[in-house]
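structure.csv follows; it contains CSV, C-alpha atoms.
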chain,number,residue,atom,x,y,z
A,128,MET,CA,66.3,3.7,-39.5
A,129,ALA,CA,63.6,1.1,-40.3
A,130,ALA,CA,60.3,1.6,-38.6
A,131,VAL,CA,59.9,-2.1,-38.2
A,132,VAL,CA,62.8,-4.6,-37.7
A,133,LEU,CA,61.8,-8.2,-38.1
A,134,ALA,CA,64.4,-11.0,-38.1
A,135,THR,CA,64.2,-14.8,-38.1
A,136,ALA,CA,66.9,-17.5,-37.9
A,137,GLY,CA,67.4,-21.2,-37.4
A,138,PHE,CA,69.1,-24.4,-38.5
A,139,ASP,CA,70.1,-23.2,-42.0
A,140,HIS,CA,72.8,-20.9,-40.6
A,141,LYS,CA,71.1,-17.8,-41.9
A,142,ILE,CA,69.6,-14.7,-40.3
A,143,ARG,CA,66.9,-13.2,-42.5
A,144,PHE,CA,65.5,-9.6,-42.2
A,145,TRP,CA,62.0,-9.1,-43.5
A,146,GLU,CA,59.8,-6.2,-44.6
A,147,ALA,CA,57.0,-7.2,-42.3
A,148,SER,CA,54.1,-5.9,-44.4
A,149,SER,CA,55.2,-7.2,-47.8
A,150,ARG,CA,56.8,-10.5,-46.6
A,151,VAL,CA,59.9,-9.7,-48.7
A,152,CYS,CA,63.3,-10.8,-47.3
A,153,THR,CA,65.4,-7.6,-47.5
A,154,ARG,CA,68.7,-9.0,-46.2
A,155,THR,CA,70.3,-12.3,-45.4
A,156,VAL,CA,73.3,-12.7,-43.1
A,157,ARG,CA,75.3,-15.9,-42.9
A,158,TYR,CA,76.0,-17.4,-39.5
A,159,PRO,CA,78.5,-19.9,-40.8
A,160,ASP,CA,79.6,-22.2,-38.0
A,161,SER,CA,76.4,-23.2,-36.2
A,162,GLN,CA,72.6,-22.9,-36.0
A,163,VAL,CA,71.1,-19.8,-34.5
A,164,ASN,CA,69.3,-20.4,-31.2
A,165,CYS,CA,68.1,-16.9,-30.2
A,166,LEU,CA,67.8,-13.4,-31.4
A,167,ALA,CA,67.3,-9.9,-29.8
A,168,ILE,CA,67.0,-6.4,-31.3
A,169,SER,CA,68.2,-3.4,-29.3
A,170,HIS,CA,65.6,-0.9,-28.2
A,171,ASP,CA,67.0,1.7,-30.6
A,172,LYS,CA,66.9,-0.8,-33.5
A,173,LEU,CA,70.6,-0.4,-34.3
A,174,TYR,CA,71.9,-3.8,-33.4
A,175,LEU,CA,70.8,-7.4,-33.5
A,176,ALA,CA,72.3,-10.0,-31.2
A,177,ALA,CA,72.4,-13.7,-32.3
A,178,GLY,CA,73.3,-16.7,-30.1
A,179,GLY,CA,74.6,-19.9,-31.6
A,180,ASN,CA,77.1,-22.5,-30.6
A,181,PRO,CA,79.1,-21.2,-28.8
A,182,HIS,CA,79.1,-17.6,-29.9
A,183,VAL,CA,77.1,-14.5,-29.4
A,184,ARG,CA,77.5,-12.1,-32.3
A,185,LEU,CA,76.3,-8.6,-32.8
A,186,PHE,CA,75.2,-7.3,-36.2
A,187,ASP,CA,74.6,-3.8,-37.5
A,188,VAL,CA,70.9,-3.5,-38.4
A,189,ALA,CA,71.1,-0.1,-40.0
A,190,ASN,CA,73.9,-1.0,-42.4
A,191,ALA,CA,72.3,-3.5,-44.8
A,192,ALA,CA,75.6,-4.0,-46.6
A,193,ALA,CA,77.4,-5.2,-43.5
A,194,SER,CA,77.7,-9.0,-43.3
A,195,THR,CA,80.3,-9.4,-40.6
A,196,PRO,CA,79.6,-9.0,-36.9
A,197,VAL,CA,80.5,-5.8,-35.1
A,198,ALA,CA,81.3,-7.8,-32.0
A,199,GLU,CA,81.7,-11.4,-31.0
A,200,PHE,CA,81.7,-13.2,-27.6
A,201,SER,CA,82.0,-16.9,-26.7
A,202,HIS,CA,80.6,-19.3,-24.2
A,203,ALA,CA,81.7,-22.9,-23.9
A,204,SER,CA,78.4,-24.4,-25.3
A,205,ASN,CA,75.1,-23.5,-27.0
A,206,VAL,CA,73.9,-20.0,-26.3
A,207,SER,CA,70.2,-20.2,-25.2
A,208,ALA,CA,69.4,-16.5,-24.6
A,209,VAL,CA,70.5,-13.0,-25.5
A,210,GLY,CA,69.2,-9.6,-24.8
A,211,PHE,CA,69.9,-5.8,-24.4
A,212,PRO,CA,69.2,-3.3,-21.6
A,213,HIS,CA,67.3,-0.2,-22.6
A,214,ASP,CA,70.5,1.9,-23.0
A,215,ARG,CA,72.4,-0.8,-25.0
A,216,SER,CA,75.5,-0.4,-22.9
A,217,TRP,CA,75.9,-4.2,-22.5
A,218,VAL,CA,74.5,-7.5,-23.7
A,219,PHE,CA,73.5,-10.5,-21.6
A,220,SER,CA,73.6,-14.1,-22.6
A,221,GLY,CA,72.8,-17.5,-21.1
A,222,SER,CA,74.3,-20.8,-22.2
A,223,GLU,CA,74.1,-24.6,-21.8
A,224,ASP,CA,77.5,-24.3,-20.2
A,225,GLY,CA,75.6,-23.2,-17.1
A,226,THR,CA,76.6,-19.6,-17.1
A,227,ILE,CA,75.0,-16.2,-17.6
A,228,LYS,CA,77.4,-13.6,-18.8
A,229,ILE,CA,77.2,-9.8,-19.2
A,230,TRP,CA,79.3,-8.4,-22.0
A,231,ASP,CA,80.5,-4.8,-21.8
A,232,LEU,CA,80.1,-3.2,-25.2
A,233,ARG,CA,82.6,-0.4,-24.6
A,234,ALA,CA,85.9,-0.8,-26.5
A,235,PRO,CA,87.3,-3.3,-26.3
A,236,PRO,CA,84.3,-5.5,-25.7
A,237,ARG,CA,84.8,-7.8,-22.7
A,238,CYS,CA,83.0,-10.1,-20.3
A,239,GLN,CA,82.1,-7.9,-17.4
A,240,ARG,CA,80.4,-10.5,-15.1
A,241,SER,CA,79.7,-14.2,-15.1
A,242,TYR,CA,77.2,-16.1,-13.0
A,243,THR,CA,76.9,-19.9,-12.6
A,244,CYS,CA,73.6,-21.8,-12.3
A,245,ASP,CA,74.5,-24.4,-9.7
A,246,GLY,CA,72.9,-27.8,-10.2
A,247,ALA,CA,71.9,-30.3,-7.6
A,248,ASN,CA,74.9,-32.5,-8.3
A,249,GLY,CA,77.3,-29.6,-7.7
A,250,LYS,CA,77.9,-29.2,-11.4
A,251,PRO,CA,76.6,-26.2,-13.5
A,252,ALA,CA,73.0,-26.7,-14.7
A,253,ALA,CA,72.4,-25.7,-18.3
A,254,CYS,CA,70.8,-22.3,-18.5
A,255,THR,CA,67.8,-22.5,-20.8
A,256,SER,CA,66.4,-19.0,-20.6
A,257,VAL,CA,67.2,-15.5,-19.4
A,258,ALA,CA,65.0,-12.4,-19.2
A,259,LEU,CA,65.8,-8.8,-18.1
A,260,HIS,CA,63.6,-7.4,-15.4
A,261,PRO,CA,62.1,-4.0,-16.3
A,262,ASN,CA,64.0,-2.3,-13.5
A,263,GLN,CA,67.1,-3.0,-15.7
A,264,GLY,CA,69.0,-4.1,-12.6
A,265,GLU,CA,68.0,-7.8,-12.4
A,266,LEU,CA,68.1,-10.8,-14.6
A,267,VAL,CA,65.8,-13.8,-14.3
A,268,SER,CA,67.1,-17.2,-15.4
A,269,GLY,CA,65.7,-20.7,-15.7
A,270,ASP,CA,67.8,-23.9,-15.9
A,271,GLU,CA,67.8,-27.6,-16.4
A,272,SER,CA,67.8,-28.2,-12.6
A,273,GLY,CA,64.3,-26.8,-12.4
A,274,VAL,CA,65.2,-23.6,-10.6
A,275,VAL,CA,64.3,-20.0,-11.5
A,276,ARG,CA,66.9,-17.6,-10.2
A,277,VAL,CA,66.8,-13.8,-9.8
A,278,TRP,CA,70.3,-12.2,-10.2
A,279,ASP,CA,70.8,-8.8,-8.6
A,280,LEU,CA,73.3,-6.9,-10.8
A,281,THR,CA,73.9,-4.2,-8.2
A,282,ALA,CA,74.7,-6.7,-5.4
A,283,ASP,CA,76.4,-8.9,-8.0
A,284,LYS,CA,74.8,-12.1,-6.8
A,285,CYS,CA,71.8,-14.4,-6.9
A,286,SER,CA,69.2,-12.8,-4.7
A,287,LEU,CA,66.4,-15.3,-4.9
A,288,GLU,CA,65.6,-18.9,-6.0
A,289,LEU,CA,62.1,-20.1,-7.0
A,290,LYS,CA,61.4,-23.8,-7.4
A,291,PRO,CA,58.2,-24.7,-9.0
A,292,ARG,CA,58.7,-28.3,-7.8
A,293,ASP,CA,61.1,-28.7,-4.9
A,294,ARG,CA,62.3,-32.2,-5.5
A,295,PRO,CA,65.5,-33.8,-6.9
A,296,ASP,CA,63.8,-34.8,-10.2
A,297,ALA,CA,62.1,-31.4,-10.8
A,298,PRO,CA,61.4,-30.8,-14.5
A,299,ALA,CA,63.7,-28.4,-16.3
A,300,ILE,CA,62.7,-24.8,-16.8
A,301,ARG,CA,62.3,-24.2,-20.5
A,302,SER,CA,61.5,-20.5,-20.6
A,303,VAL,CA,61.0,-17.5,-18.3
A,304,ALA,CA,59.4,-14.1,-18.8
A,305,VAL,CA,58.8,-11.0,-16.8
A,306,ALA,CA,56.0,-8.5,-17.4
A,307,GLY,CA,57.0,-5.1,-18.5
A,308,ASP,CA,55.2,-3.5,-15.5
A,309,ALA,CA,56.9,-6.0,-13.2
A,310,SER,CA,53.5,-7.3,-12.1
A,311,CYS,CA,54.3,-11.0,-12.7
A,312,LEU,CA,57.1,-13.5,-13.4
A,313,VAL,CA,56.3,-16.6,-15.5
A,314,ALA,CA,58.2,-19.9,-16.0
A,315,ALA,CA,57.3,-22.8,-18.3
A,316,THR,CA,58.6,-26.2,-17.5
A,317,HIS,CA,59.7,-29.2,-19.6
A,318,ASP,CA,56.5,-31.1,-18.6
A,319,ALA,CA,54.3,-28.3,-20.2
A,320,ASN,CA,53.2,-26.6,-17.0
A,321,VAL,CA,53.3,-22.9,-16.5
A,322,TYR,CA,53.9,-21.2,-13.2
A,323,CYS,CA,53.1,-17.5,-12.4
A,324,TRP,CA,54.5,-15.6,-9.4
A,325,ARG,CA,53.5,-12.1,-8.2
A,326,PRO,CA,55.8,-9.8,-6.3
A,327,ASP,CA,55.0,-10.0,-2.5
A,328,ASN,CA,55.5,-7.4,0.2
A,329,ASN,CA,58.9,-8.9,1.3
A,330,GLY,CA,60.9,-8.3,-1.8
A,331,GLY,CA,60.2,-11.8,-3.1
A,332,TYR,CA,57.6,-13.6,-5.2
A,333,ALA,CA,54.5,-15.6,-4.3
A,334,LEU,CA,53.2,-18.4,-6.5
A,335,GLU,CA,49.8,-17.3,-7.7
A,336,HIS,CA,48.7,-19.6,-10.5
A,337,ILE,CA,49.6,-22.8,-12.3
A,338,ILE,CA,48.5,-23.8,-15.8
A,339,GLU,CA,48.8,-27.5,-15.8
A,340,ALA,CA,49.4,-29.3,-19.1
A,341,ALA,CA,49.1,-26.0,-21.0
A,342,HIS,CA,49.9,-28.0,-24.1
A,343,ASP,CA,48.9,-31.6,-24.7
A,344,ASP,CA,49.0,-33.4,-28.0
A,345,GLY,CA,47.9,-36.7,-26.5
A,346,SER,CA,51.5,-38.1,-26.3
A,347,ASP,CA,53.8,-38.3,-23.3
A,348,HIS,CA,56.2,-35.9,-24.9
A,349,THR,CA,54.6,-32.5,-25.3
A,350,TYR,CA,57.0,-29.7,-24.5
A,351,ILE,CA,56.6,-25.9,-24.0
A,352,LEU,CA,59.5,-24.3,-25.9
A,353,LYS,CA,58.9,-20.6,-25.1
A,354,CYS,CA,56.8,-18.2,-23.0
A,355,ARG,CA,56.5,-14.5,-23.6
A,356,ILE,CA,54.4,-11.7,-21.9
A,357,SER,CA,52.9,-9.0,-24.1
A,358,PRO,CA,54.2,-5.4,-23.7
A,359,ASP,CA,50.9,-4.3,-22.1
A,360,ALA,CA,51.2,-7.2,-19.6
A,361,GLN,CA,47.8,-8.5,-20.5
A,362,LEU,CA,48.6,-11.6,-22.5
A,363,LEU,CA,50.9,-14.6,-22.2
A,364,VAL,CA,52.0,-16.7,-25.2
A,365,THR,CA,53.3,-20.3,-24.9
A,366,THR,CA,54.8,-22.2,-27.9
A,367,SER,CA,55.0,-25.9,-28.1
A,368,SER,CA,56.0,-29.1,-29.8
A,369,ASP,CA,52.3,-29.7,-30.4
A,370,LYS,CA,52.6,-27.3,-33.4
A,371,THR,CA,50.6,-24.5,-31.7
A,372,ALA,CA,51.0,-21.2,-29.9
A,373,LYS,CA,48.5,-20.5,-27.2
A,374,ILE,CA,47.4,-17.1,-26.0
A,375,TRP,CA,46.4,-16.8,-22.3
A,376,SER,CA,44.7,-13.8,-20.6
A,377,ILE,CA,46.7,-12.7,-17.6
A,378,ALA,CA,43.9,-10.3,-16.6
A,379,ARG,CA,41.3,-13.2,-16.6
A,380,GLY,CA,43.3,-15.5,-14.4
A,381,PHE,CA,45.3,-17.0,-17.3
A,382,ALA,CA,42.2,-18.2,-19.1
A,383,LEU,CA,42.9,-19.6,-22.6
A,384,GLU,CA,42.0,-16.9,-25.2
A,385,LYS,CA,43.1,-18.5,-28.5
A,386,THR,CA,45.0,-21.4,-30.0
A,387,LEU,CA,47.1,-20.5,-33.1
A,388,ALA,CA,47.3,-23.7,-35.0
A,389,GLN,CA,48.5,-23.3,-38.6
A,390,HIS,CA,52.1,-24.4,-38.3
A,391,GLN,CA,52.9,-27.9,-39.4
A,392,ARG,CA,55.8,-28.6,-36.9
A,393,TRP,CA,57.1,-27.5,-33.6
A,394,VAL,CA,56.7,-23.8,-32.8
A,395,TRP,CA,59.9,-22.7,-31.2
A,396,ASP,CA,59.6,-19.0,-30.5
A,397,ALA,CA,57.2,-16.0,-30.5
A,398,CYS,CA,57.4,-12.2,-30.1
A,399,PHE,CA,54.7,-9.6,-29.7
A,400,SER,CA,54.4,-6.3,-31.5
A,401,ALA,CA,54.8,-3.2,-29.4
A,402,ASP,CA,51.1,-2.6,-29.2
A,403,SER,CA,50.4,-6.2,-28.2
A,404,ALA,CA,48.0,-6.6,-31.1
A,405,TYR,CA,50.1,-8.9,-33.2
A,406,LEU,CA,52.4,-11.9,-32.7
A,407,VAL,CA,55.2,-13.5,-34.8
A,408,THR,CA,55.9,-17.2,-34.4
A,409,ALA,CA,58.8,-19.3,-35.7
A,410,SER,CA,58.5,-23.0,-36.5
A,411,SER,CA,60.3,-26.1,-37.6
A,412,ASP,CA,58.2,-26.0,-40.7
A,413,HIS,CA,60.8,-23.6,-42.2
A,414,SER,CA,58.5,-20.6,-41.8
A,415,ALA,CA,57.4,-17.7,-39.6
A,416,ARG,CA,53.9,-16.3,-39.3
A,417,LEU,CA,52.4,-13.0,-38.3
A,418,TRP,CA,49.1,-13.3,-36.4
A,419,ASP,CA,46.3,-10.8,-35.7
A,420,LEU,CA,45.5,-11.6,-32.1
A,421,GLN,CA,42.1,-10.0,-32.2
A,422,SER,CA,40.9,-12.5,-34.9
A,423,GLY,CA,43.4,-15.2,-34.3
A,424,ALA,CA,44.2,-15.3,-38.0
A,425,ALA,CA,47.6,-15.7,-39.6
A,426,ILE,CA,47.9,-12.6,-41.8
A,427,ARG,CA,51.5,-12.9,-43.1
A,428,TYR,CA,53.6,-15.9,-44.0
A,429,TYR,CA,57.4,-15.6,-44.1
A,430,SER,CA,59.0,-18.3,-46.3
A,431,GLY,CA,62.6,-18.6,-47.3
A,432,HIS,CA,64.5,-20.6,-44.7
A,433,SER,CA,65.6,-24.1,-45.9
A,434,LEU,CA,65.5,-25.7,-42.4
A,435,ALA,CA,63.8,-25.2,-39.0
A,436,VAL,CA,63.2,-21.6,-37.9
A,437,THR,CA,64.0,-21.6,-34.2
A,438,CYS,CA,63.9,-17.9,-33.3
A,439,CYS,CA,62.4,-14.6,-34.2
A,440,ALA,CA,62.8,-11.0,-33.1
A,441,LEU,CA,60.5,-8.0,-33.7
A,442,ASN,CA,61.0,-4.3,-32.9
A,443,ASP,CA,58.2,-2.0,-34.2
A,444,SER,CA,58.3,0.5,-31.3
A,445,SER,CA,57.8,4.1,-32.2
A,446,THR,CA,60.4,5.5,-29.8
A,447,ALA,CA,64.1,5.0,-29.7

Render the structure in this file as structure tokens.
Amino acid sequence: MAAVVLATAGFDHKIRFWEASSRVCTRTVRYPDSQVNCLAISHDKLYLAAGGNPHVRLFDVANAAASTPVAEFSHASNVSAVGFPHDRSWVFSGSEDGTIKIWDLRAPPRCQRSYTCDGANGKPAACTSVALHPNQGELVSGDESGVVRVWDLTADKCSLELKPRDRPDAPAIRSVAVAGDASCLVAATHDANVYCWRPDNNGGYALEHIIEAAHDDGSDHTYILKCRISPDAQLLVTTSSDKTAKIWSIARGFALEKTLAQHQRWVWDACFSADSAYLVTASSDHSARLWDLQSGAAIRYYSGHSLAVTCCALNDSSTA
């Protein structure tokens, strides 16, 4: 089993696996019928989930010769999020068709549950992001209607709705993230604001902090594309159409720590290393970069995609 699994994908219909230290692409897997929107690596490093339009496909990470998926599931539209629980017994996915689905990986693979993000007009709202709570029993989603929802998998229902702006024209949620110690929940909106909630004493969440205009390139069209919380729950990264990724200190009240600004086009995605010391970013400039967060320097450059790189996934954890 590889000690480090790093994968990138995007508009060129290819998933590339990289040797992180040498920048060598060790394997390329075709994703023939669409772009790849999202990636996730299982905790044991055995499988990679890739979301496209409209499929979710699982690939064997350990078998470098395998090019066909070991499982495939379908939504009715673009898949915006994928992920695994710790024990890899199922996969979750979110889609622009307005649903969140849980896929049972036991033979034969099947859709175990399906939840719908209801929009203000009574129609499903496109699901833009899904994150698994560290308790492994809740999913947190964001959608085009501007609502963050908490889904209780035991009760099999939506247990909570959070609305950063409770109004009919609320900006869409672009990305959600939950800290690994469950200390905070973060959502980034289409208008480049970031909202942070802390768990309260009533089983819900209380809004604690807002980062207004977290990214601003001087135009009226600056978007946050992704937000992630570091494994140690100390840092937040936001990526943006302004060609940067920004690192915020959660411990210091979401103070801006660093701006990572070497990409030439939109930065779509980011993922932290297990020790929270490094970050991988994916960009429309056809590249991914590895950053040392202590210095803020880009120390590796991964080049080989022929079109925009829209997603990345990294698993360098030492335990399976």

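The space separating atom CA of Pro181 of chain A from atom CA of Val163 of chain A comes to 9.9 Å.
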
Segment 249-255 of chain A surroundings by only C-alpha atoms, 8 Å radius, close-in-sequence under 2 positions cut, as a ChimeraX atom specification | /A:207-208,221-227,243-247,257,268-272,300-302

Could you please take those selected residues and save C-alpha atoms as an mmCIF file, keeping the file's coordinate frame?
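Final output, out38.cif:
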data_model
loop_
_atom_site.group_PDB
_atom_site.id
_atom_site.type_symbol
_atom_site.label_atom_id
_atom_site.label_comp_id
_atom_site.auth_asym_id
_atom_site.auth_seq_id
_atom_site.Cartn_x
_atom_site.Cartn_y
_atom_site.Cartn_z
ATOM 1 C CA SER A 207 70.200 -20.200 -25.200
ATOM 2 C CA ALA A 208 69.400 -16.500 -24.600
ATOM 3 C CA GLY A 221 72.800 -17.500 -21.100
ATOM 4 C CA SER A 222 74.300 -20.800 -22.200
ATOM 5 C CA GLU A 223 74.100 -24.600 -21.800
ATOM 6 C CA ASP A 224 77.500 -24.300 -20.200
ATOM 7 C CA GLY A 225 75.600 -23.200 -17.100
ATOM 8 C CA THR A 226 76.600 -19.600 -17.100
ATOM 9 C CA ILE A 227 75.000 -16.200 -17.600
ATOM 10 C CA THR A 243 76.900 -19.900 -12.600
ATOM 11 C CA CYS A 244 73.600 -21.800 -12.300
ATOM 12 C CA ASP A 245 74.500 -24.400 -9.700
ATOM 13 C CA GLY A 246 72.900 -27.800 -10.200
ATOM 14 C CA ALA A 247 71.900 -30.300 -7.600
ATOM 15 C CA VAL A 257 67.200 -15.500 -19.400
ATOM 16 C CA SER A 268 67.100 -17.200 -15.400
ATOM 17 C CA GLY A 269 65.700 -20.700 -15.700
ATOM 18 C CA ASP A 270 67.800 -23.900 -15.900
ATOM 19 C CA GLU A 271 67.800 -27.600 -16.400
ATOM 20 C CA SER A 272 67.800 -28.200 -12.600
ATOM 21 C CA ILE A 300 62.700 -24.800 -16.800
ATOM 22 C CA ARG A 301 62.300 -24.200 -20.500
ATOM 23 C CA SER A 302 61.500 -20.500 -20.600
#

Counting all atoms listed in the file, write as a PyMOL selection string all protein and nucleic acid residues lying at most 9 Å from (45.5, -13.2, -35.3) in the file's frame.
-> chain A and resi 385+387+404-406+417-426

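Separating atom CA of Ile142 of chain A from atom CA of Ser161 of chain A is a distance of 11.6 Å.
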
Provide the atom CA of Arg215 of chain A to atom CA of Val305 of chain A distance in Å, to one decimal place.
-> 18.9 Å

Quick one: of A:Ala203, A:Pro358, A:His336, A:Asp343, who's nearest to Ala382 of chain A, counting only C-alpha atoms?
->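 For Ala382 of chain A, the nearest of the given residues is A:His336.
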